Each structure stands twice: as C-alpha cells, then as structure tokens.
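Below you'll find the structure, written out as structure tokens, and then a few comments.
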Amino acid sequence: MKKTNLALAIKGFMAGAIFKNCFLFLVLGFLSLRVLANPPLASKQQIGMFKNSKTCVVLGTGSVSYDMYIKDAVQKYWNATEFEFIDQQEFDKRRFNSKYSFLVLMKAVFDKDPAGVSYNYISLVLGDVATNMTDMPELCSIPLSYADDNLSDYEYAIPAIVKFMQKHARNLEFNRLMISLKGLKYYNGKTGFKDKVLLFNKEMMASNADSPEKIKSAYPNYVKLITPSEIQQELVASPTNALFHFHVGPNKNAGAGKCFEMIFDVEGNLYYYNSRKVTNDNQDGFNLKDFRHLR
C-alpha cells in the first residue's frame with residue numbers, strides 16, 4: 001500500500017478515495033513519492049518467474065543496523081533463489097528486469113492519519129517494466145518498524161521474517177486466491193499455542209494485558225513478558241518450544257497511526273497477524289482481544 005508523487009496524490013484525493021495505501025521508497029536518503037491504489041499481488045505466472053529469478057537484497061537504506069541484520073539473515077537462511085547484495089543505485093538499474101526479484105526496505109504512509117505516521121516494510125517484489133516502482137508485482141510485505149523510530153528492537157525478528165517470506169512465496173503458488181482475500185490474516189487460526197512458551201516484549205503490551213494476571217482472563221497458557229534481548233536469548237536457548245511476539249506501532253508521542261501484531265516461530269511460520277488503528281479507546285500494543293484469537 002503505497003503513495004505517489006504529489007500531483008497524482010492530490011488528484012486521487014479529489015477523486016474521493018477514502019483510504020489509500022502508499023509507499024515512499026528511500027533512495028539515497030531522499031523520499032521518492034508516488035501514487036498507487038493497491039500494490040499488485042504477483043500473478044501465477046509472476047510467482048513462477050520469481051522462483052527462477054536472482055533475488056537482489058537492497059542495502060544502503062540509511063539504517064546501518066537494518067543492513068547488518070538483513071545481510072546476516074539472508075546469508076544464513078535464504079534458499080528460495082540465488083541472491084546478491086546490491087545498493088540503491090544498482091536497484092534503479094535492475095528494477096525493470098523480471099529476471100530479478102528484490103528484497104527491499106520501503107516506507108508506507110496511511111492516509112486519513114492526521115499525524116502522517118509512516119512505517120518501514122520489508123518487501124519482496126519482482127522486477128517489472130512498470131514506470132512507478134510501487135507498481136512492481138509484490139510477493140510479500142512485512143511491517144518492520146515505525147519509520148522515525150531509530151531505536152526499534154527488531155533484530156530478533158529478522159531471521160524469522162526472512163524465512164517466512166520464502167514460505168509465503170511458496171504458499172502463493174497454491175493458495176493465491178485465499179491470500180489475496182485475507183492478506184496475512186490467512187495464517188491466523190493455527191493451534192498448538194498451549195504446547196509452546198509464548199514470549200512477549202513487555203514494553204509492547206496494551207494496558208489491559210500488561211501483566212500475567214490480566215492475560216489469564218483471556219489466555220490461560222504459558223506467557224513470559226520480557227525484554228527484546230531476553231527474547232533473543234530464549235530463542236537461542238529453546239527455539240523449538242517458543243513462539244514470539246513482534247510488535248510494530250507508532251511512537252508513543254505520536255498519538256495516531258496503526259499498530260501491527262505478529263506471532264512467529266523461529267522456523268518462520270506466522271501464527272498470528274493483526275493490524276488496527278490506534279485510538280484512545282483502542283490502545284497500541286497486544287491486547288486481550290488479540291489473546292482471545294489464540295488457541
């Protein structure tokens with residue numbers, strides 16, 4: 001869901017669009033603004049083309065930590081295609097060629113948000129002749145961080161996200177219709193939570209679910225509320241017995257925006273996904289309503 005150059009954005013607004021998805025792509029430190037109603041989901045043919053592509057992992061996004069984490073995870077866990085690390089200038093040269101796919105950090109801005117809250121996404125897209133890069137066929141996009149938050153703790157989630165994106169691309173081969181209808185909520189409804197330790201970032205819980213006592217009213221199984229570094233340690237110590245929560249939301253001082261709640265295992269299986277608008281009555285963070293969806 002992505003945004004465009006200002007002239008087209010104004011034209012779209014005058015056309016009366018209630019909600020647009022927009023991508024702002026980071027190019028050598030500058031924001032390139034473009035318009036798009038919805039990112040096109042890759043077709044069956046394009047999914048087949050992805051399998052035979054070389055995946056270019058775009059570095060030089062302005063975040064040294066992101067570049068380091070994504071490079072390490074791809075080197076260890078990417079096996080869906082041949083891969084190569086490139087910079088943004090090389091991306092601009094190659095993006096029109098469908099023999100390449102791209103793992104790239106993009107920025108998403110949601111309209112109807114007076115604060116203009118934006119988020120970084122890891123996106124897997126296929127090279128295409130589309131003039132606007134936001135029209136490139138998309139295989140997967142995962143929210144990673146609030147765009148202006150340089151202190152986001154996502155290191156522990158990157159390996160699972162890299163593994164998940166490959167699984168999701170394979171799922172598109174056989175379940176494209178249902179995924180196109182449900183998005184990432186396609187993965188909700190998994191069972192087996194009671195047999196796992198559920199690890200939560202204690203700083204990313206809604207106020208109605210910020211203690212084990214409150215959580216018990218909606219979810220009776222084992223939960224640990226710990227720090228991101230402790231989550232990383234737990235995943236190393238007992239990876240097969242753990243599920244972990246990954247939260248993306250606006251800065252606490254923003255007062256607006258959306259939050260995203262995800263639960264993964266270390267093998268890159270997505271157990272739960274939800275997103276919602278943050279309001280005074282619907283606070284940021286994983287809440288009791290989210291817990292009631294877990295089985």
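Letters A, B, ... mark the chains of the structure tokens in the order given; residue numbers begin at 1 per chain; ligand numbers begin at 1, in order shown.
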Would you pick out the contacts of Arg95 of chain A at 10 Å or less, using only C-alpha atoms, so that residues sharing its chain but fewer than 4 positions from it are not included, and give the list as a PyMOL selection string?
chain A and resi 56+90-91+99-102+125-131+133+136
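Counting only C-alpha atoms, Leu172 of chain A has the following residues at most 10 Å away, ignoring those fewer than 2 positions along the same chain: Leu41, Ala42, Ser43, Lys44, Ile47, Gly48, Leu139, Cys140, Lys167, His168, Ala169, Arg170, Phe174, Asn175, Arg176, Leu177, Met178, Ile179 and Ser180 of chain A.
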Keeping only N, CA and C atoms, write those residues as a CSV table (one decimal), in the first residue's frame.
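In the end it all went to part.csv:
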chain,number,residue,atom,x,y,z
A,41,LEU,N,-0.6,-7.8,-6.4
A,41,LEU,CA,-0.1,-9.1,-6.0
A,41,LEU,C,0.4,-9.9,-7.2
A,42,ALA,N,1.5,-10.5,-7.1
A,42,ALA,CA,2.1,-11.2,-8.2
A,42,ALA,C,1.1,-12.2,-8.7
A,43,SER,N,1.0,-12.3,-10.1
A,43,SER,CA,0.2,-13.3,-10.7
A,43,SER,C,0.8,-14.7,-10.6
A,44,LYS,N,0.1,-15.7,-11.0
A,44,LYS,CA,0.6,-17.1,-11.0
A,44,LYS,C,1.9,-17.2,-11.9
A,47,ILE,N,4.7,-15.5,-10.1
A,47,ILE,CA,5.2,-16.3,-9.0
A,47,ILE,C,6.2,-17.3,-9.5
A,48,GLY,N,5.9,-17.9,-10.7
A,48,GLY,CA,6.8,-18.8,-11.3
A,48,GLY,C,8.1,-18.1,-11.7
A,139,LEU,N,5.2,-10.0,-3.8
A,139,LEU,CA,5.0,-11.3,-3.2
A,139,LEU,C,4.8,-11.3,-1.7
A,140,CYS,N,5.4,-10.3,-1.1
A,140,CYS,CA,5.2,-10.2,0.4
A,140,CYS,C,5.7,-8.9,0.9
A,167,LYS,N,8.5,-18.9,2.6
A,167,LYS,CA,7.4,-19.8,2.8
A,167,LYS,C,6.1,-19.2,2.2
A,168,HIS,N,5.9,-17.9,2.4
A,168,HIS,CA,4.8,-17.2,1.8
A,168,HIS,C,4.8,-17.2,0.3
A,169,ALA,N,5.9,-17.0,-0.3
A,169,ALA,CA,6.1,-17.1,-1.7
A,169,ALA,C,5.7,-18.4,-2.3
A,170,ARG,N,6.1,-19.5,-1.5
A,170,ARG,CA,5.7,-20.9,-2.0
A,170,ARG,C,4.2,-21.1,-1.8
A,174,PHE,N,-0.1,-22.1,-4.5
A,174,PHE,CA,-1.2,-22.9,-4.4
A,174,PHE,C,-2.4,-22.3,-3.7
A,175,ASN,N,-2.2,-21.1,-3.0
A,175,ASN,CA,-3.3,-20.5,-2.3
A,175,ASN,C,-3.4,-19.0,-2.6
A,176,ARG,N,-3.1,-18.7,-3.8
A,176,ARG,CA,-3.1,-17.2,-4.1
A,176,ARG,C,-4.4,-16.6,-3.9
A,177,LEU,N,-5.5,-17.2,-4.3
A,177,LEU,CA,-6.9,-16.6,-4.1
A,177,LEU,C,-7.2,-16.3,-2.7
A,178,MET,N,-7.0,-17.2,-1.8
A,178,MET,CA,-7.3,-17.0,-0.4
A,178,MET,C,-6.4,-16.0,0.2
A,179,ILE,N,-5.1,-16.0,-0.1
A,179,ILE,CA,-4.2,-15.0,0.4
A,179,ILE,C,-4.5,-13.6,-0.1
A,180,SER,N,-5.0,-13.5,-1.4
A,180,SER,CA,-5.4,-12.2,-1.9
A,180,SER,C,-6.6,-11.7,-1.2
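For the pair atom CA of Phe85 of chain A and atom CA of Val64 of chain A, the separation is 14.3 Å.
Residues surrounding Ala218 of chain A within 7 Å are Ile215, Lys216, Pro220, Leu288, Phe291 and Arg292 of chain A [only C-alpha atoms; sequence separation below 2 positions excluded].
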Mind checking DSSP for segment 74-172 of chain A and telling me the alpha helix (DSSP H) residues as a PyMOL selection string?
chain A and resi 74-77+88-94+158-172
d(atom CA of Ile231 of chain A, atom CA of Tyr156 of chain A) in Å
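Atom-to-atom, atom CA of Ile231 of chain A to atom CA of Tyr156 of chain A, that is 7.4 Å.
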Quick one: everything within 6 Å of segment 265-274 of chain A, counting only C-alpha atoms, minus sequence neighbours fewer than 6 positions away in the same chain. Send it as a ChimeraX atom specification.
/A:160,163-164,185,188,190,243
Could the residues in this selection be written to a file with N, CA and C atoms, as a PDB file, in the first residue's frame?
ATOM      1  N   ALA A 160      13.304 -14.823  11.366  1.00  0.00           N
ATOM      2  CA  ALA A 160      12.002 -15.456  11.134  1.00  0.00           C
ATOM      3  C   ALA A 160      11.281 -14.800   9.959  1.00  0.00           C
ATOM      4  N   LYS A 163      12.737 -16.101   6.719  1.00  0.00           N
ATOM      5  CA  LYS A 163      12.247 -17.458   6.465  1.00  0.00           C
ATOM      6  C   LYS A 163      10.777 -17.441   6.048  1.00  0.00           C
ATOM      7  N   PHE A 164       9.974 -16.616   6.729  1.00  0.00           N
ATOM      8  CA  PHE A 164       8.548 -16.548   6.412  1.00  0.00           C
ATOM      9  C   PHE A 164       8.309 -16.083   4.979  1.00  0.00           C
ATOM     10  N   LYS A 185      -3.654 -12.316   7.322  1.00  0.00           N
ATOM     11  CA  LYS A 185      -4.578 -12.988   8.244  1.00  0.00           C
ATOM     12  C   LYS A 185      -4.925 -14.399   7.763  1.00  0.00           C
ATOM     13  N   ASN A 188      -3.848 -16.846  10.323  1.00  0.00           N
ATOM     14  CA  ASN A 188      -4.464 -16.913  11.649  1.00  0.00           C
ATOM     15  C   ASN A 188      -5.250 -18.209  11.806  1.00  0.00           C
ATOM     16  N   LYS A 190      -4.083 -20.912  13.589  1.00  0.00           N
ATOM     17  CA  LYS A 190      -3.236 -22.052  13.937  1.00  0.00           C
ATOM     18  C   LYS A 190      -3.490 -22.460  15.384  1.00  0.00           C
ATOM     19  N   LEU A 243       7.240 -19.538  20.806  1.00  0.00           N
ATOM     20  CA  LEU A 243       6.670 -18.611  19.833  1.00  0.00           C
ATOM     21  C   LEU A 243       6.982 -17.211  20.354  1.00  0.00           C
TER      22      LEU A 243
END
Just checking: using only C-alpha atoms, which residue out of A:Gln89, A:Ser229, A:Ser217, A:Ser145 ends up closest to Ser118 of chain A?
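Looking at the shortest contact to Ser118 of chain A, the residue is A:Ser145.
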Quick one: distance from atom CA of Phe246 of chain A to atom CA of Asn201 of chain A in Å, one decimal?
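These two atoms are separated by 7.5 Å.
Residue neighbourhood of Glu203 of chain A, excluding near-sequence residues (fewer than 3 positions): A:Phe200, A:Ala206, A:Asp210, A:Leu225, A:Ile226, A:Thr227, A:Pro228, A:Gly285, at 9 Å, using only C-alpha atoms.
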Using N, CA and C atoms, can you export the residues from the last selection as a short mmCIF file (atom, residue, chain, number, x, y, z; two decimals), in the first residue's frame?
data_model
loop_
_atom_site.label_atom_id
_atom_site.label_comp_id
_atom_site.auth_asym_id
_atom_site.auth_seq_id
_atom_site.Cartn_x
_atom_site.Cartn_y
_atom_site.Cartn_z
N PHE A 200 6.65 -12.45 24.94
CA PHE A 200 6.15 -11.13 24.59
C PHE A 200 7.12 -10.04 25.02
N ALA A 206 -0.65 -3.73 25.47
CA ALA A 206 -1.70 -2.78 25.84
C ALA A 206 -1.89 -2.82 27.36
N ASP A 210 -0.91 -6.12 30.34
CA ASP A 210 0.49 -5.87 30.65
C ASP A 210 0.99 -6.62 31.88
N LEU A 225 6.57 -12.22 29.84
CA LEU A 225 6.71 -10.82 29.47
C LEU A 225 8.15 -10.40 29.77
N ILE A 226 8.95 -10.21 28.70
CA ILE A 226 10.37 -9.98 28.87
C ILE A 226 10.85 -8.91 27.87
N THR A 227 12.12 -8.59 27.91
CA THR A 227 12.69 -7.58 27.02
C THR A 227 13.07 -8.22 25.67
N PRO A 228 13.27 -7.40 24.63
CA PRO A 228 13.71 -7.95 23.35
C PRO A 228 15.01 -8.75 23.44
N GLY A 285 -0.48 -1.80 21.17
CA GLY A 285 0.04 -2.96 21.86
C GLY A 285 -0.88 -4.17 21.80
#
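By only C-alpha atoms, and with residues fewer than 2 positions from Ala157 of chain A along its chain excluded, the set lying at most 9 Å from it is Leu144, Asp153, Tyr154, Glu155, Pro159, Ala160, Ile161, Val162, Gln232, Phe244, His245, Phe246, Phe264 and Val266 of chain A.
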Selected residues written out with C-alpha atoms, as a PDB file, in the first residue's frame:
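Produced file out.pdb, reproduced below:
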ATOM      1  CA  LEU A 144       9.242  -3.807  10.445  1.00  0.00           C
ATOM      2  CA  ASP A 153      14.102  -3.640  18.537  1.00  0.00           C
ATOM      3  CA  TYR A 154      13.616  -5.900  15.527  1.00  0.00           C
ATOM      4  CA  GLU A 155      16.892  -7.837  15.435  1.00  0.00           C
ATOM      5  CA  PRO A 159      15.601 -14.238  10.777  1.00  0.00           C
ATOM      6  CA  ALA A 160      12.002 -15.456  11.134  1.00  0.00           C
ATOM      7  CA  ILE A 161      10.755 -12.781   8.711  1.00  0.00           C
ATOM      8  CA  VAL A 162      13.320 -13.821   6.084  1.00  0.00           C
ATOM      9  CA  GLN A 232      16.618 -13.295  21.679  1.00  0.00           C
ATOM     10  CA  PHE A 244       7.470 -14.925  19.946  1.00  0.00           C
ATOM     11  CA  HIS A 245       5.539 -11.691  19.584  1.00  0.00           C
ATOM     12  CA  PHE A 246       6.698  -8.939  17.249  1.00  0.00           C
ATOM     13  CA  PHE A 264       6.173 -16.216  14.711  1.00  0.00           C
ATOM     14  CA  VAL A 266      11.897 -19.488  14.731  1.00  0.00           C
TER      15      VAL A 266
END
